[in-house]
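Participant: Sharing a structure, written as structure tokens. Questions coming.
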Amino acid sequence: MHRHHWLVRLCHWANAILLVGMIASGLQIYNAYQRFGPRDMQYMVLNPVKLLHGTPSAPEWSRLGGWLAGGLNWHFTLAWPFVITGLLYLLYLLFSGEWRFLLFRPRDIVPAAQMQLYYLRLRKEHPPQGKHNALQKAAYTSILVVGALAVLTGFAIYKPVQLSWLTALFGGYELTRYWHFVSVWVFVAFTILHVILVFVVDPASLRAMITGWYRGRFPSHD
Amino acid sequence: MTERKLDRRDFLRLGLVAGPVSLAAACGWDGGSAIEPRLRGFSRVNDWVGEHILQSNGRLAPEYPISMRTRDFPHYFVARPMAPMLPAPESWSLEVGGEVKKPARLTMAMIQQLPRVTYTVKHHCVEGWTAIGTWTGAPLSSVLAMVEPTDRGKYLRLDSFDRDPSGRQYYTGWDLKSAVHPQTILAYAFNDQPLRPERGAPLRLYSPVKLGYKLTKYLTRISLTTDRPGGYWEDVGYPWLGGI
């Protein structure tokens, strides 16, 4: 059956590539000042770069742009297609009505718990589902929220004076810069889990995201 | 429905996706000589949006209480190793010319007689750090009103006597709109004290609506120009507008 509209597939793969570029150029920018907080008062916050790499400096292979100016120019160029494809996707969800299959709502809480039990082998039969199961809905809904937050915090530190109301909403420039950095690690964790689940649970979904046609083992129960 | 283990084809597919993606990010690549100029060209689009859509001169940068001033406010100049200093500071004056009807040469006494603006604001460095300090000076708009830019005067070029060891002079280019922002000043005092050499003495540009690299210190001349001037950092790739 046909599962993904061409616009969804286009936005998905464009987003995958753009996200890598945004993160790599973002790490280049981050590297110019590897701390968070005002100049004379460093925040004691978790820094995944330090955790993973031993030092707060992002490794060279993870950076794009070569130096700060190069990173900035990449970041502010890729930001356009990144935001535009994001908006296109949201508009598609809205006008196609497909948001109904994707948006996690209170009624999905019980099915999500059932799905979790199934994955933990505490429940035998696969709970009935629509296009996506309830856990997928939770994941795809929250990553959209994180995407929106990444864009908004990005704007807030790009124009902290012109958009000072937005910057204040996120707790001021220094904290907003940290939230923007945190969104990177949510994206990284999501992507790793997302790719693993595709291959382990439903490899046919990869073909569906490329050709649009799904021939896997999770037909919609709708 | 049967359980399916990962097979070789699946890993091949994974590789097909992951390969180009990781290549794009590989090794701190700067985009190469082909893409880099295009990115700098595209930066003009962001300059335009920044100046014409995202910026309003009615919007003032928030002010902070004096108690929030940053200890050890960083200072910066391109001369090495010592801060640039004039051999005869008493004979310093600021030349204002170019596309103006009434070119002027302003002494420090004349500048200090202009309306005085003092504010405690947050400084944003392009590197990502911030610092709060108090700046005092004359609005740049009052100097511009004095010299009366012609219709051909669309940009400002701000020159300094700061030179890096290779002899390149520090200068910046500004849009007229940011120049007449009420918080854009020719500053002669920092934290209630006359500017010290490391802060840009005798006179520097200050504005909380631009990044630090746009705020020329050690001013010697302001010229109104028809063509967009470059800048010390802008010429090597930093975004031209630097508006925040």
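Going by the structure tokens order, chains are called A, B, ..., each with residues numbered from 1, while ligands are numbered from 1 in the order shown.
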Neighbouring residues of stretch 210-212 of chain B were defined as those with any atom within 7 Å, considering only C-alpha atoms; residues of the same chain fewer than 6 positions away were excluded. Please report them as a PyMOL selection string.
Facilitator: chain B and resi 123-126+242-244
Participant: Save the residues we just selected, C-alpha atoms, as a tab-separated table (two decimals), in the first residue's frame?
Facilitator:
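Result went into part01.tsv, see below:
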```tsv
chain	number	residue	atom	x	y	z
B	123	HIS	CA	27.67	42.92	24.97
B	124	HIS	CA	27.37	39.95	22.57
B	125	CYS	CA	30.52	38.51	21.03
B	126	VAL	CA	30.25	36.48	17.82
B	242	GLY	CA	26.40	41.56	12.52
B	243	GLY	CA	23.07	42.82	13.84
B	244	ILE	CA	21.54	41.13	16.83
```
Participant: Go through stretch 82-230 of chain B and collect every residue that DSSP, computed from the backbone, puts in strand (DSSP E); the answer should be as JSON, numbers by chain.
Facilitator: {"B": [94, 95, 96, 97, 98, 104, 105, 106, 117, 118, 119, 120, 121, 122, 123, 124, 130, 131, 132, 133, 134, 135, 136, 137, 138, 139, 155, 156, 157, 158, 159, 160, 161, 162, 163, 169, 170, 171, 172, 173, 174, 175, 185, 186, 187, 188, 189, 190, 193, 194, 204, 205, 206, 219, 220, 221, 222, 223, 224, 225]}
Participant: DSSP on the backbone: which residues in chain A end up as helix (DSSP H, G or I)? Give the answer as JSON, numbers by chain.
Facilitator: {"A": [6, 7, 8, 9, 10, 11, 12, 13, 14, 15, 16, 17, 18, 19, 20, 21, 22, 23, 24, 25, 26, 27, 28, 29, 30, 48, 49, 50, 51, 52, 53, 60, 61, 62, 68, 69, 70, 71, 72, 73, 74, 75, 76, 77, 78, 79, 80, 81, 82, 83, 84, 85, 86, 87, 88, 89, 90, 91, 92, 93, 94, 95, 96, 99, 100, 101, 102, 106, 107, 108, 109, 110, 111, 112, 113, 114, 115, 116, 117, 118, 119, 134, 135, 136, 137, 138, 139, 140, 141, 142, 143, 144, 145, 146, 147, 148, 149, 150, 151, 152, 153, 154, 155, 156, 157, 158, 164, 165, 166, 167, 168, 169, 173, 174, 175, 176, 177, 178, 179, 180, 181, 182, 183, 184, 185, 186, 187, 188, 189, 190, 191, 192, 193, 194, 195, 196, 197, 198, 199, 200, 201, 204, 205, 206, 207, 208, 209, 210, 211]}
Participant: Please build the interface table for chain A against chain B with a cut-off of 7 Å, listing for each qualifying residue the nearest atom pair and the distance in Å to one decimal; count only C-alpha atoms, order rows by chain and increasing number, and write it as JSON lines.
Facilitator:
```
{"residue": "A:Ile17", "atom": "CA", "partner": "B:Val21", "partner_atom": "CA", "distance": 5.8}
{"residue": "A:Val20", "atom": "CA", "partner": "B:Val21", "partner_atom": "CA", "distance": 6.7}
{"residue": "A:Gly21", "atom": "CA", "partner": "B:Ala25", "partner_atom": "CA", "distance": 6.4}
{"residue": "A:Ala24", "atom": "CA", "partner": "B:Ala25", "partner_atom": "CA", "distance": 6.0}
{"residue": "A:Ala32", "atom": "CA", "partner": "B:Glu127", "partner_atom": "CA", "distance": 5.1}
{"residue": "A:Tyr33", "atom": "CA", "partner": "B:Glu127", "partner_atom": "CA", "distance": 5.6}
{"residue": "A:Pro38", "atom": "CA", "partner": "B:Thr130", "partner_atom": "CA", "distance": 5.6}
{"residue": "A:Arg39", "atom": "CA", "partner": "B:Thr130", "partner_atom": "CA", "distance": 5.8}
{"residue": "A:Asp40", "atom": "CA", "partner": "B:Thr70", "partner_atom": "CA", "distance": 6.3}
{"residue": "A:Glu60", "atom": "CA", "partner": "B:Gly28", "partner_atom": "CA", "distance": 5.1}
{"residue": "A:Trp61", "atom": "CA", "partner": "B:Cys27", "partner_atom": "CA", "distance": 3.8}
{"residue": "A:Ser62", "atom": "CA", "partner": "B:Ala25", "partner_atom": "CA", "distance": 6.3}
{"residue": "A:Arg63", "atom": "CA", "partner": "B:Gly28", "partner_atom": "CA", "distance": 4.5}
{"residue": "A:Leu64", "atom": "CA", "partner": "B:Gly28", "partner_atom": "CA", "distance": 4.6}
{"residue": "A:Gly65", "atom": "CA", "partner": "B:Asp30", "partner_atom": "CA", "distance": 3.7}
{"residue": "A:Gly66", "atom": "CA", "partner": "B:Asp30", "partner_atom": "CA", "distance": 4.4}
{"residue": "A:Ala69", "atom": "CA", "partner": "B:Tyr238", "partner_atom": "CA", "distance": 4.9}
{"residue": "A:Gly70", "atom": "CA", "partner": "B:Asp30", "partner_atom": "CA", "distance": 6.1}
{"residue": "A:Asn73", "atom": "CA", "partner": "B:Leu39", "partner_atom": "CA", "distance": 5.8}
{"residue": "A:Trp74", "atom": "CA", "partner": "B:Leu39", "partner_atom": "CA", "distance": 6.5}
{"residue": "A:Thr77", "atom": "CA", "partner": "B:Phe42", "partner_atom": "CA", "distance": 6.6}
{"residue": "A:Tyr158", "atom": "CA", "partner": "B:Ile244", "partner_atom": "CA", "distance": 6.3}
{"residue": "A:Lys159", "atom": "CA", "partner": "B:Ile244", "partner_atom": "CA", "distance": 4.1}
{"residue": "A:Pro160", "atom": "CA", "partner": "B:Ile244", "partner_atom": "CA", "distance": 5.7}
{"residue": "A:Val161", "atom": "CA", "partner": "B:Ala61", "partner_atom": "CA", "distance": 5.4}
{"residue": "A:Gln162", "atom": "CA", "partner": "B:Gln55", "partner_atom": "CA", "distance": 6.0}
{"residue": "A:Phe199", "atom": "CA", "partner": "B:Leu6", "partner_atom": "CA", "distance": 6.7}
{"residue": "A:Val200", "atom": "CA", "partner": "B:Leu6", "partner_atom": "CA", "distance": 6.8}
{"residue": "A:Arg217", "atom": "CA", "partner": "B:Met1", "partner_atom": "CA", "distance": 5.9}
```
Participant: Work out how far apart atom CA of A:Leu149 and atom CA of A:Pro111 are and give it in Å to one decimal.
Facilitator: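 Computed distance, atom CA of A:Leu149 to atom CA of A:Pro111, equals 26.9 Å.
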